[in-house]
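**Student:** mmCIF, C-alpha atoms, file query22.cif:
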```cif
data_input
#
loop_
_atom_site.label_atom_id
_atom_site.label_comp_id
_atom_site.auth_asym_id
_atom_site.auth_seq_id
_atom_site.Cartn_x
_atom_site.Cartn_y
_atom_site.Cartn_z
CA MET A 26 -106.66 29.83 34.72
CA ALA A 27 -105.41 26.66 36.40
CA ASP A 28 -107.79 27.30 39.34
CA MET A 29 -110.70 27.72 36.94
CA LEU A 30 -109.93 24.38 35.30
CA LYS A 31 -109.76 22.78 38.73
CA GLU A 32 -113.17 24.18 39.64
CA LEU A 33 -114.70 22.95 36.37
CA LEU A 34 -113.27 19.48 36.90
CA GLU A 35 -114.66 19.44 40.41
CA GLY A 36 -118.07 20.46 39.07
CA ILE A 37 -117.99 17.66 36.52
CA LYS A 38 -117.07 15.16 39.24
CA GLN A 39 -119.90 16.36 41.49
CA ASN A 40 -122.36 16.29 38.60
CA THR A 41 -121.32 12.77 37.65
CA ALA A 42 -121.44 11.60 41.27
CA GLY A 43 -124.92 13.07 41.71
CA LEU A 44 -126.16 11.50 38.50
CA ARG A 45 -124.75 8.09 39.47
CA SER A 46 -126.39 8.31 42.89
CA GLU A 47 -129.76 9.19 41.37
CA LEU A 48 -129.57 6.37 38.83
CA ASP A 49 -128.71 3.82 41.54
CA GLU A 50 -131.66 4.94 43.61
CA LEU A 51 -134.03 4.81 40.63
CA LYS A 52 -132.84 1.36 39.66
CA SER A 53 -133.47 0.08 43.15
CA LYS A 54 -137.04 1.45 43.11
CA HIS A 55 -137.74 0.53 39.47
CA LEU A 56 -138.87 4.10 38.76
CA LEU A 57 -136.81 4.94 35.66
CA GLU A 58 -139.97 5.47 33.58
CA ASP A 59 -141.35 8.25 35.79
CA PRO A 60 -141.67 11.50 33.65
CA LEU A 61 -140.54 13.75 36.52
CA LEU A 62 -137.47 11.66 37.08
CA LYS A 63 -136.72 11.66 33.37
CA GLU A 64 -136.83 15.46 33.44
CA LYS A 65 -134.44 15.49 36.39
CA LEU A 66 -132.01 13.19 34.61
CA GLU A 67 -132.13 15.35 31.46
CA ARG A 68 -131.29 18.40 33.58
CA TYR A 69 -128.33 16.57 35.05
CA ASP A 70 -127.24 15.63 31.54
CA GLN A 71 -127.53 19.23 30.28
CA GLU A 72 -125.46 20.52 33.22
CA PHE A 73 -122.86 17.86 32.52
CA VAL A 74 -122.58 18.91 28.85
CA GLU A 75 -122.29 22.59 29.76
CA LEU A 76 -119.58 21.89 32.33
CA LYS A 77 -117.66 19.71 29.90
CA ASN A 78 -117.84 22.36 27.15
CA SER A 79 -116.61 25.03 29.57
CA TYR A 80 -113.77 22.76 30.64
CA GLU A 81 -112.68 22.13 27.03
CA LYS A 82 -112.88 25.84 26.23
CA GLU A 83 -110.70 26.81 29.19
CA LYS A 84 -108.26 23.99 28.46
CA LYS A 85 -107.88 25.16 24.86
CA ALA A 86 -107.33 28.76 25.99
CA ARG A 87 -104.60 27.60 28.37
CA GLU A 88 -102.92 25.61 25.61
CA GLN A 89 -102.90 28.71 23.39
CA VAL A 90 -101.19 30.74 26.12
CA GLU A 91 -98.58 28.02 26.66
CA LEU A 92 -98.01 27.84 22.90
CA LYS A 93 -97.32 31.59 22.76
CA LEU A 94 -94.87 31.30 25.66
CA GLN A 95 -93.07 28.43 23.96
CA ARG A 96 -92.89 30.42 20.70
CA ALA A 97 -91.37 33.39 22.54
CA LYS A 98 -88.77 31.11 24.15
CA PHE A 99 -87.92 29.54 20.80
CA LEU A 100 -87.55 32.90 19.04
CA SER A 101 -85.33 34.13 21.86
CA GLY A 102 -82.97 31.24 21.20
CA ASP A 103 -83.90 28.67 23.87
CA PRO A 104 -83.06 25.32 22.24
CA GLN A 105 -84.98 23.44 24.95
CA ASP A 106 -88.39 24.79 23.92
CA PRO A 107 -89.38 23.87 20.35
CA ILE A 108 -92.89 25.13 19.73
CA SER A 109 -94.32 22.81 17.10
CA GLU A 110 -93.80 19.61 15.20
CA GLU A 111 -92.91 21.71 12.16
CA GLN A 112 -90.09 23.46 13.97
CA LYS A 113 -88.89 20.21 15.50
CA LEU A 114 -88.67 18.85 11.97
CA GLN A 115 -86.88 22.01 10.81
CA LYS A 116 -84.28 21.62 13.55
CA LYS A 117 -83.81 17.95 12.71
CA ALA A 118 -83.43 18.71 8.99
CA PHE A 119 -80.96 21.53 9.65
CA GLU A 120 -78.75 19.29 11.81
CA LYS A 121 -78.88 16.56 9.16
CA PHE A 122 -77.76 19.14 6.57
CA ILE A 123 -74.86 20.25 8.76
CA ARG A 124 -73.68 16.69 9.37
CA TYR A 125 -74.31 15.03 6.02
CA GLY A 126 -75.25 17.65 3.41
CA VAL A 127 -77.72 17.19 0.57
CA GLY A 128 -77.60 16.03 -3.03
CA GLU A 129 -75.80 13.15 -4.68
CA SER A 130 -72.81 13.28 -2.35
CA SER A 131 -74.96 13.20 0.77
CA LYS A 132 -74.57 10.18 3.02
CA ALA A 133 -78.10 10.59 4.33
CA SER A 134 -81.45 9.91 2.70
CA TRP A 135 -84.01 12.69 2.93
CA ALA A 136 -87.70 12.15 3.57
CA PRO A 137 -90.03 14.54 1.69
CA ASP A 138 -91.13 16.32 4.89
CA GLU A 139 -87.49 16.80 5.97
CA TRP A 140 -86.55 18.23 2.59
CA LYS A 141 -89.54 20.57 2.71
CA ALA A 142 -88.51 21.77 6.17
CA LEU A 143 -84.93 22.43 5.03
CA SER A 144 -86.05 24.13 1.80
CA SER A 145 -87.96 26.70 3.85
CA LEU A 146 -84.57 27.92 5.12
CA SER A 147 -82.86 28.25 1.71
CA ASP A 148 -81.52 31.61 0.52
CA GLN A 149 -80.84 32.95 -2.96
CA ASP A 150 -77.07 32.37 -2.78
CA GLY A 151 -77.27 28.61 -2.35
CA GLY A 152 -76.96 28.57 1.42
CA PHE A 153 -79.45 28.19 4.25
CA LEU A 154 -80.62 30.58 6.92
CA ILE A 155 -79.27 29.65 10.33
CA LEU A 156 -81.90 28.68 12.89
CA PRO A 157 -82.59 31.40 15.51
CA ASP A 158 -81.17 29.49 18.48
CA PHE A 159 -77.94 28.70 16.60
CA GLU A 160 -77.61 32.30 15.43
CA ASN A 161 -78.25 33.65 18.92
CA GLU A 162 -75.58 31.36 20.35
CA ILE A 163 -73.01 32.65 17.83
CA LEU A 164 -73.99 36.26 18.60
CA LYS A 165 -73.80 35.62 22.34
CA ILE A 166 -70.28 34.23 22.07
CA ALA A 167 -69.28 37.10 19.77
CA GLN A 168 -70.65 39.64 22.25
CA ASN A 169 -68.78 38.05 25.16
CA SER A 170 -65.54 37.87 23.16
CA ALA A 171 -65.71 41.36 21.64
CA GLU A 172 -64.01 44.51 22.92
CA VAL A 173 -65.56 47.41 20.97
CA ARG A 174 -69.12 46.09 20.59
CA PRO A 175 -70.00 45.97 24.34
CA VAL A 176 -69.08 49.65 24.88
CA SER A 177 -70.71 51.00 21.69
CA ASN A 178 -74.23 51.89 20.58
CA VAL A 179 -75.52 48.60 19.13
CA GLY A 180 -78.85 47.96 17.40
CA THR A 181 -80.52 45.84 14.72
CA THR A 182 -82.00 46.56 11.30
CA ASN A 183 -83.86 44.85 8.48
CA ARG A 184 -82.29 47.04 5.79
CA ASP A 185 -79.16 46.97 3.64
CA ARG A 186 -78.45 50.64 4.41
CA VAL A 187 -79.25 52.61 7.56
CA GLN A 188 -79.53 56.37 7.95
CA VAL A 189 -77.64 57.60 10.99
CA GLY A 190 -77.59 61.12 12.43
CA LYS A 191 -74.27 62.90 12.87
CA ILE A 192 -74.14 65.60 15.56
CA THR A 193 -71.08 67.86 15.53
CA GLN A 194 -72.13 70.60 17.96
CA ARG A 195 -74.29 71.05 21.05
CA ALA A 196 -77.14 73.52 21.64
CA VAL A 197 -76.77 76.77 23.65
CA ILE A 198 -78.90 76.75 26.83
CA GLY A 199 -80.55 79.91 28.17
CA TRP A 200 -82.19 80.76 31.51
CA GLY A 201 -84.97 83.19 32.41
CA ASN A 202 -87.20 85.50 30.38
CA GLU A 203 -84.33 87.70 29.23
CA ASN A 204 -82.81 84.72 27.50
CA VAL A 205 -85.88 83.30 25.81
CA ALA A 206 -84.85 84.82 22.48
CA VAL A 207 -81.29 83.56 22.58
CA ASP A 208 -80.17 82.23 19.22
CA PRO A 209 -79.06 78.60 19.36
CA GLN A 210 -75.81 77.55 17.82
CA ASP A 211 -75.96 75.97 14.41
CA LEU A 212 -76.93 72.43 15.37
CA LYS A 213 -75.37 70.49 12.56
CA PHE A 214 -77.51 67.41 12.47
CA GLY A 215 -77.34 65.51 9.21
CA LEU A 216 -78.27 62.09 8.01
CA GLU A 217 -75.68 59.84 6.44
CA ASP A 218 -75.99 56.37 4.99
CA MET A 219 -74.40 53.51 6.90
CA PRO A 220 -73.99 50.52 4.58
CA ILE A 221 -74.61 47.09 6.07
CA ASN A 222 -71.65 44.97 5.01
CA GLU A 223 -71.21 41.21 4.77
CA ILE A 224 -68.60 39.47 6.87
CA THR A 225 -67.86 35.88 5.89
CA ALA A 226 -66.02 33.28 7.94
CA LEU A 227 -64.84 29.83 6.85
CA VAL A 228 -64.01 26.92 9.14
CA LEU A 229 -63.10 23.30 8.36
CA ILE A 230 -64.49 20.39 10.38
CA PRO A 231 -63.17 16.80 10.02
CA ASN A 232 -65.74 14.49 8.43
CA SER A 233 -65.21 12.00 11.26
CA THR A 234 -66.41 14.65 13.73
CA LEU A 235 -69.48 15.42 11.63
CA GLU A 236 -70.40 11.73 11.49
CA ASP A 237 -69.95 11.28 15.23
CA ALA A 238 -73.47 11.39 16.66
CA GLY A 239 -72.07 12.24 20.09
CA ALA A 240 -70.18 15.33 18.89
CA ASN A 241 -71.88 18.68 19.60
CA ILE A 242 -71.35 20.20 16.16
CA PHE A 243 -73.39 23.32 16.84
CA SER A 244 -71.42 24.12 20.00
CA GLU A 245 -68.12 23.74 18.16
CA LEU A 246 -69.20 25.87 15.20
CA SER A 247 -70.71 28.52 17.48
CA MET A 248 -67.51 28.86 19.48
CA ILE A 249 -65.22 29.13 16.45
CA PHE A 250 -67.39 31.51 14.46
CA GLY A 251 -68.40 33.61 17.46
CA GLU A 252 -64.85 34.23 18.68
CA ASP A 253 -63.29 34.80 15.26
CA ILE A 254 -66.06 37.09 14.03
CA ALA A 255 -65.73 39.13 17.23
CA ALA A 256 -61.98 39.58 16.69
CA GLU A 257 -62.42 40.63 13.05
CA GLU A 258 -65.21 43.06 13.92
CA ASP A 259 -63.05 44.64 16.63
CA ASP A 260 -60.30 45.27 14.08
CA GLN A 261 -62.67 46.87 11.58
CA PHE A 262 -64.51 48.98 14.17
CA MET A 263 -61.14 50.46 15.09
CA ILE A 264 -59.23 50.73 11.78
CA GLY A 265 -61.62 49.76 8.95
CA HIS A 266 -61.60 52.03 5.90
CA GLY A 267 -65.30 51.71 5.12
CA VAL A 268 -64.90 50.10 1.68
CA GLY A 269 -67.08 47.02 1.94
CA ARG A 270 -66.56 47.02 5.70
CA PRO A 271 -67.47 49.15 8.74
CA GLU A 272 -65.85 52.56 9.19
CA GLY A 273 -63.00 52.42 11.69
CA ILE A 274 -62.90 55.07 14.39
CA LEU A 275 -59.16 55.65 13.97
CA SER A 276 -59.60 55.95 10.19
CA ASN A 277 -62.13 58.76 10.50
CA ALA A 278 -60.57 62.07 9.40
CA GLU A 279 -62.46 64.13 12.01
CA VAL A 280 -61.32 61.83 14.80
CA GLN A 281 -57.71 61.95 13.58
CA SER A 282 -57.80 65.76 13.52
CA ARG A 283 -58.49 65.81 17.24
CA TYR A 284 -55.25 64.01 18.15
CA VAL A 285 -52.88 64.71 21.01
CA SER A 286 -49.19 64.20 20.19
CA SER A 287 -47.03 61.88 22.26
CA GLY A 288 -44.27 64.50 22.23
CA VAL A 289 -41.66 61.76 21.84
CA ALA A 290 -40.35 60.66 18.44
CA GLY A 291 -41.45 57.13 17.61
CA ALA A 292 -42.49 56.31 21.17
CA LEU A 293 -44.93 57.09 23.95
CA THR A 294 -42.22 57.94 26.45
CA ASP A 295 -38.45 58.00 26.98
CA PRO A 296 -36.13 58.40 30.02
CA THR A 297 -36.54 62.20 30.02
CA HIS A 298 -40.37 62.10 30.02
CA ASN A 299 -42.68 60.53 32.58
CA GLY A 300 -45.08 59.61 29.75
CA VAL A 301 -48.23 60.57 31.57
CA ASP A 302 -48.62 64.08 30.08
CA CYS A 303 -50.13 63.07 26.73
CA LEU A 304 -52.49 60.63 28.43
CA ILE A 305 -53.82 63.37 30.71
CA GLN A 306 -54.07 65.78 27.78
CA ALA A 307 -56.11 63.26 25.79
CA GLN A 308 -58.36 62.58 28.75
CA TYR A 309 -59.10 66.25 29.39
CA LYS A 310 -59.46 67.24 25.76
CA LEU A 311 -62.87 65.58 25.97
CA LYS A 312 -65.79 67.42 27.51
CA LYS A 313 -66.87 66.10 30.88
CA ILE A 314 -70.03 64.55 29.44
CA TYR A 315 -67.84 62.26 27.32
CA ARG A 316 -64.90 61.94 29.71
CA ARG A 317 -66.87 60.43 32.57
CA SER A 318 -68.05 57.63 30.25
CA GLY A 319 -64.74 57.44 28.41
CA VAL A 320 -62.93 54.19 27.64
CA TRP A 321 -59.27 53.68 26.68
CA ALA A 322 -58.65 51.45 23.66
CA PHE A 323 -55.27 49.97 22.66
CA ASN A 324 -53.81 46.56 21.93
CA SER A 325 -52.06 44.33 24.45
CA THR A 326 -48.54 45.31 23.30
CA THR A 327 -49.32 48.97 23.92
CA GLU A 328 -50.87 48.16 27.28
CA GLY A 329 -47.65 46.40 28.27
CA ILE A 330 -45.78 49.69 27.67
CA ILE A 331 -48.42 51.83 29.42
CA ARG A 332 -48.24 49.60 32.49
CA GLN A 333 -44.67 50.87 33.02
CA VAL A 334 -45.64 54.55 32.90
CA LYS A 335 -45.50 56.43 36.22
CA ASN A 336 -46.68 59.87 37.27
CA ALA A 337 -44.52 62.57 38.91
CA ASN A 338 -44.96 60.88 42.30
CA GLY A 339 -43.62 57.60 40.97
CA ASP A 340 -47.04 55.89 40.99
CA TYR A 341 -48.14 53.68 38.13
CA VAL A 342 -51.02 55.24 36.18
CA TRP A 343 -52.29 51.82 35.10
CA GLN A 344 -54.28 50.09 37.83
CA PRO A 345 -55.34 46.42 37.98
CA PRO A 346 -59.01 45.41 38.18
CA VAL A 347 -60.61 46.03 41.56
CA GLN A 348 -62.44 42.70 41.34
CA ALA A 349 -62.56 39.57 39.20
CA GLY A 350 -64.12 40.22 35.79
CA ALA A 351 -63.78 44.00 36.01
CA PRO A 352 -61.53 45.89 33.55
CA ALA A 353 -58.19 47.41 34.42
CA THR A 354 -58.17 51.22 34.54
CA LEU A 355 -55.94 53.99 33.27
CA LEU A 356 -56.22 57.32 35.09
CA GLY A 357 -59.58 56.16 36.44
CA ASN A 358 -61.18 55.05 33.15
CA SER A 359 -61.64 51.46 31.99
CA ILE A 360 -59.58 49.77 29.25
CA ILE A 361 -60.45 47.57 26.28
CA ASN A 362 -58.00 45.70 24.02
CA PRO A 363 -59.00 45.61 20.35
CA GLU A 364 -55.92 43.77 19.14
CA GLY A 365 -56.00 45.20 15.60
CA THR A 366 -55.20 48.68 16.89
CA PRO A 367 -51.73 49.78 15.64
CA ASP A 368 -48.61 49.31 17.75
CA ILE A 369 -46.69 52.33 19.00
CA ALA A 370 -44.66 53.67 16.06
CA ALA A 371 -43.95 57.05 14.46
CA ASN A 372 -47.04 58.64 12.87
CA SER A 373 -49.41 55.93 14.17
CA TYR A 374 -52.55 56.23 16.30
CA PRO A 375 -52.09 53.41 18.84
CA ILE A 376 -54.23 54.86 21.65
CA LEU A 377 -57.82 56.09 21.61
CA PHE A 378 -59.84 57.59 24.42
CA GLY A 379 -63.52 58.29 24.04
CA ASP A 380 -67.18 57.78 24.73
CA PHE A 381 -67.92 54.91 22.36
CA ARG A 382 -71.60 54.67 23.22
CA ARG A 383 -72.27 58.23 22.08
CA GLY A 384 -69.75 58.32 19.28
CA TYR A 385 -69.98 55.00 17.43
CA ARG A 386 -72.96 53.06 16.12
CA ILE A 387 -73.09 49.39 15.19
CA ARG A 388 -76.07 47.91 13.39
CA ASP A 389 -76.62 44.16 12.89
CA ARG A 390 -78.94 42.75 10.28
CA LYS A 391 -80.68 39.58 11.39
CA GLY A 392 -80.48 36.47 9.27
CA MET A 393 -77.09 34.74 9.19
CA THR A 394 -76.58 32.16 6.45
CA ILE A 395 -74.43 29.04 6.15
CA GLN A 396 -73.05 27.13 3.16
CA ARG A 397 -71.52 23.67 3.16
CA LEU A 398 -68.38 23.17 1.04
CA VAL A 399 -67.74 19.48 0.39
CA GLU A 400 -65.79 18.88 -2.81
CA ARG A 401 -63.22 21.62 -2.23
CA TYR A 402 -61.79 19.89 0.85
CA ALA A 403 -62.75 16.27 0.08
CA GLU A 404 -59.15 15.10 -0.33
CA TYR A 405 -58.42 16.30 3.21
CA ARG A 406 -61.51 14.48 4.50
CA GLN A 407 -62.87 17.72 5.85
CA THR A 408 -65.95 19.84 5.16
CA GLY A 409 -65.93 23.61 4.99
CA PHE A 410 -68.64 25.77 6.52
CA LEU A 411 -69.06 29.32 5.26
CA ILE A 412 -71.09 31.58 7.54
CA THR A 413 -72.14 35.07 6.42
CA LYS A 414 -73.18 37.79 8.85
CA ARG A 415 -74.22 41.35 8.02
CA VAL A 416 -73.12 44.34 10.09
CA GLY A 417 -72.40 48.06 9.74
CA GLY A 418 -70.41 50.48 11.88
CA GLN A 419 -69.90 54.24 11.68
CA VAL A 420 -68.64 57.24 13.64
CA VAL A 421 -71.56 59.58 14.44
CA LEU A 422 -69.93 61.97 16.92
CA ALA A 423 -66.23 62.62 16.32
CA GLU A 424 -65.95 65.04 19.24
CA SER A 425 -66.47 62.18 21.67
CA PHE A 426 -63.05 60.69 20.72
CA VAL A 427 -59.42 61.76 21.13
CA PRO A 428 -56.57 59.66 19.69
CA ILE A 429 -52.93 59.87 20.70
CA LYS A 430 -50.60 60.20 17.69
CA ILE A 431 -46.99 59.12 18.04
CA ALA A 432 -44.69 61.95 17.01
CA THR A 433 -42.24 61.63 14.11
CA SER A 434 -39.60 63.96 15.51
#
```
Step by step, read the file and then write its structure as structure tokens.
**Tutor:**
Amino acid sequence: MADMLKELLEGIKQNTAGLRSELDELKSKHLLEDPLLKEKLERYDQEFVELKNSYEKEKKAREQVELKLQRAKFLSGDPQDPISEEQKLQKKAFEKFIRYGVGESSKASWAPDEWKALSSLSDQDGGFLILPDFENEILKIAQNSAEVRPVSNVGTTNRDRVQVGKITQRAVIGWGNENVAVDPQDLKFGLEDMPINEITALVLIPNSTLEDAGANIFSELSMIFGEDIAAEEDDQFMIGHGVGRPEGILSNAEVQSRYVSSGVAGALTDPTHNGVDCLIQAQYKLKKIYRRSGVWAFNSTTEGIIRQVKNANGDYVWQPPVQAGAPATLLGNSIINPEGTPDIAANSYPILFGDFRRGYRIRDRKGMTIQRLVERYAEYRQTGFLITKRVGGQVVLAESFVPIKIATS
């Protein structure tokens, strides 16, 4: 398209140059009134108009393409590419709201167009929808800080409840003509509702920071909310009881029923056990399809104990990362550390091994909201920010997990 515009511009230049040359010649010969020459000039003029119209048409088409690209960048969360004056105004109004608030207590005056831009983001609970780039930054930090989310099946939804399929058995496979009539196993595939729950986080920011034009408020809020939401989600994905929150894997009755016992009362190991037996049993209780993608999950305290476990040859079963940024491994499978997982104690489930991507689903609903709390913390000269995010989590394939239960006796 750029080449086409260049060609059209060149044509206009040539047309204009030709017309100027003809006019100069006619002026010198005093022949401007000649009918044939008038016709020639009119033809030049018509060509000029056609070239100019083509140029404007192609220029407009190019601007439309660039506008679509800018819109895509904006919606994907690129703060450097606002797509219109309206969205620039929306961003400006949102930042003014974050720093100064609205209403009688606001330290900023609001122009009608700014108020209109902010009002377009209001929600029914008295807060405001977070702008896409701000929301994406929070989600990015949460993803990078999370343990369970990166290894699970994650998707988005626009609903308050999601139907998820639960598969508890696999199909029987037959070969050849003699097997074409083989009866499949009962493939228990059912739909269950996964509620999308609200998670709310509150953080206080000093008013002096909010009023500091040089302070990057969005960066600070994104970091705090992203990291803390990630930690809370990890806890619930592992041990949540599903009442107003995601279902925890270790709270699922089917998952618990598949446990392997530690064989040692109140501990993973003792001086008379090498401690590796229950880990191997858990690993090989899973079918190969799950085992090869399996991940170990336990908190840092438990990992500190597992790091001391040796096999019969005296080798440590925990191995450090092979390269920077890679996870440590246990018996060849990677490790994550959701810190809310229980410590090692009698009758607890401190260790989980499984294929999270097949067995656990997480669904995020787009549209985070934020509320500004001024009066509640005024005496401390701080402002509270309440961010609400909506997420659901549920076990869909219990057979892809095996927990280790610490024995009681």
**Student:** Hey, which of A:Asp253, A:Glu364, A:Asp389, A:Glu404 ends up closest to Arg184 in chain A? Count all atoms listed in the file.
**Tutor:** A:Asp389
**Student:** So which residues touch Glu258 in chain A within 10 Å, counting only C-alpha atoms, skipping near sequence neighbours fewer than 2 positions away, as a PyMOL selection string?
**Tutor:** chain A and resi 167+171-174+224+253-256+260-265+270-271+273+363+365+416-418
**Student:** Would you list the contacts of Val342 in chain A as a VMD selection string, taking every protein, DNA or RNA residue within 6 Å and counting only C-alpha atoms, but skipping same-chain residues closer than 6 positions in sequence?
**Tutor:** chain A and resid 335 355 to 356
**Student:** Give me, please, the distance in Å between CA of Arg186 in chain A and CA of Gln419 in chain A, quoted to one decimal.
**Tutor:**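 So the answer is 11.8 Å.
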**Student:** Run through the PyMOL selection byres ((chain A and resi 428-430) around 8) on the given coordinates and return the selected residues as a PDB file with C-alpha atoms, in the frame of the given file.
**Tutor:**
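Just written: expr-v7.pdb:
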```pdb
ATOM      1  CA  LEU A 275     -59.160  55.650  13.970  1.00  0.00           C
ATOM      2  CA  VAL A 280     -61.320  61.830  14.800  1.00  0.00           C
ATOM      3  CA  GLN A 281     -57.710  61.950  13.580  1.00  0.00           C
ATOM      4  CA  ARG A 283     -58.490  65.810  17.240  1.00  0.00           C
ATOM      5  CA  TYR A 284     -55.250  64.010  18.150  1.00  0.00           C
ATOM      6  CA  VAL A 285     -52.880  64.710  21.010  1.00  0.00           C
ATOM      7  CA  SER A 286     -49.190  64.200  20.190  1.00  0.00           C
ATOM      8  CA  SER A 287     -47.030  61.880  22.260  1.00  0.00           C
ATOM      9  CA  CYS A 303     -50.130  63.070  26.730  1.00  0.00           C
ATOM     10  CA  LEU A 304     -52.490  60.630  28.430  1.00  0.00           C
ATOM     11  CA  ALA A 307     -56.110  63.260  25.790  1.00  0.00           C
ATOM     12  CA  ASN A 372     -47.040  58.640  12.870  1.00  0.00           C
ATOM     13  CA  SER A 373     -49.410  55.930  14.170  1.00  0.00           C
ATOM     14  CA  TYR A 374     -52.550  56.230  16.300  1.00  0.00           C
ATOM     15  CA  PRO A 375     -52.090  53.410  18.840  1.00  0.00           C
ATOM     16  CA  ILE A 376     -54.230  54.860  21.650  1.00  0.00           C
ATOM     17  CA  LEU A 377     -57.820  56.090  21.610  1.00  0.00           C
ATOM     18  CA  PHE A 378     -59.840  57.590  24.420  1.00  0.00           C
ATOM     19  CA  PHE A 426     -63.050  60.690  20.720  1.00  0.00           C
ATOM     20  CA  VAL A 427     -59.420  61.760  21.130  1.00  0.00           C
ATOM     21  CA  ILE A 431     -46.990  59.120  18.040  1.00  0.00           C
ATOM     22  CA  ALA A 432     -44.690  61.950  17.010  1.00  0.00           C
TER      23      ALA A 432
END
```
**Student:** Would you mind telling me which residue in A:Ser79, A:Thr326, A:Thr182, A:Asn241 lies nearest to Arg415 in chain A when using all atoms listed in the file?
**Tutor:** A:Thr182
**Student:** Give me, please, the distance in Å between CA of Asp218 in chain A and CA of Asp185 in chain A, quoted to one decimal.
**Tutor:**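 A separation of 10.0 Å between them.
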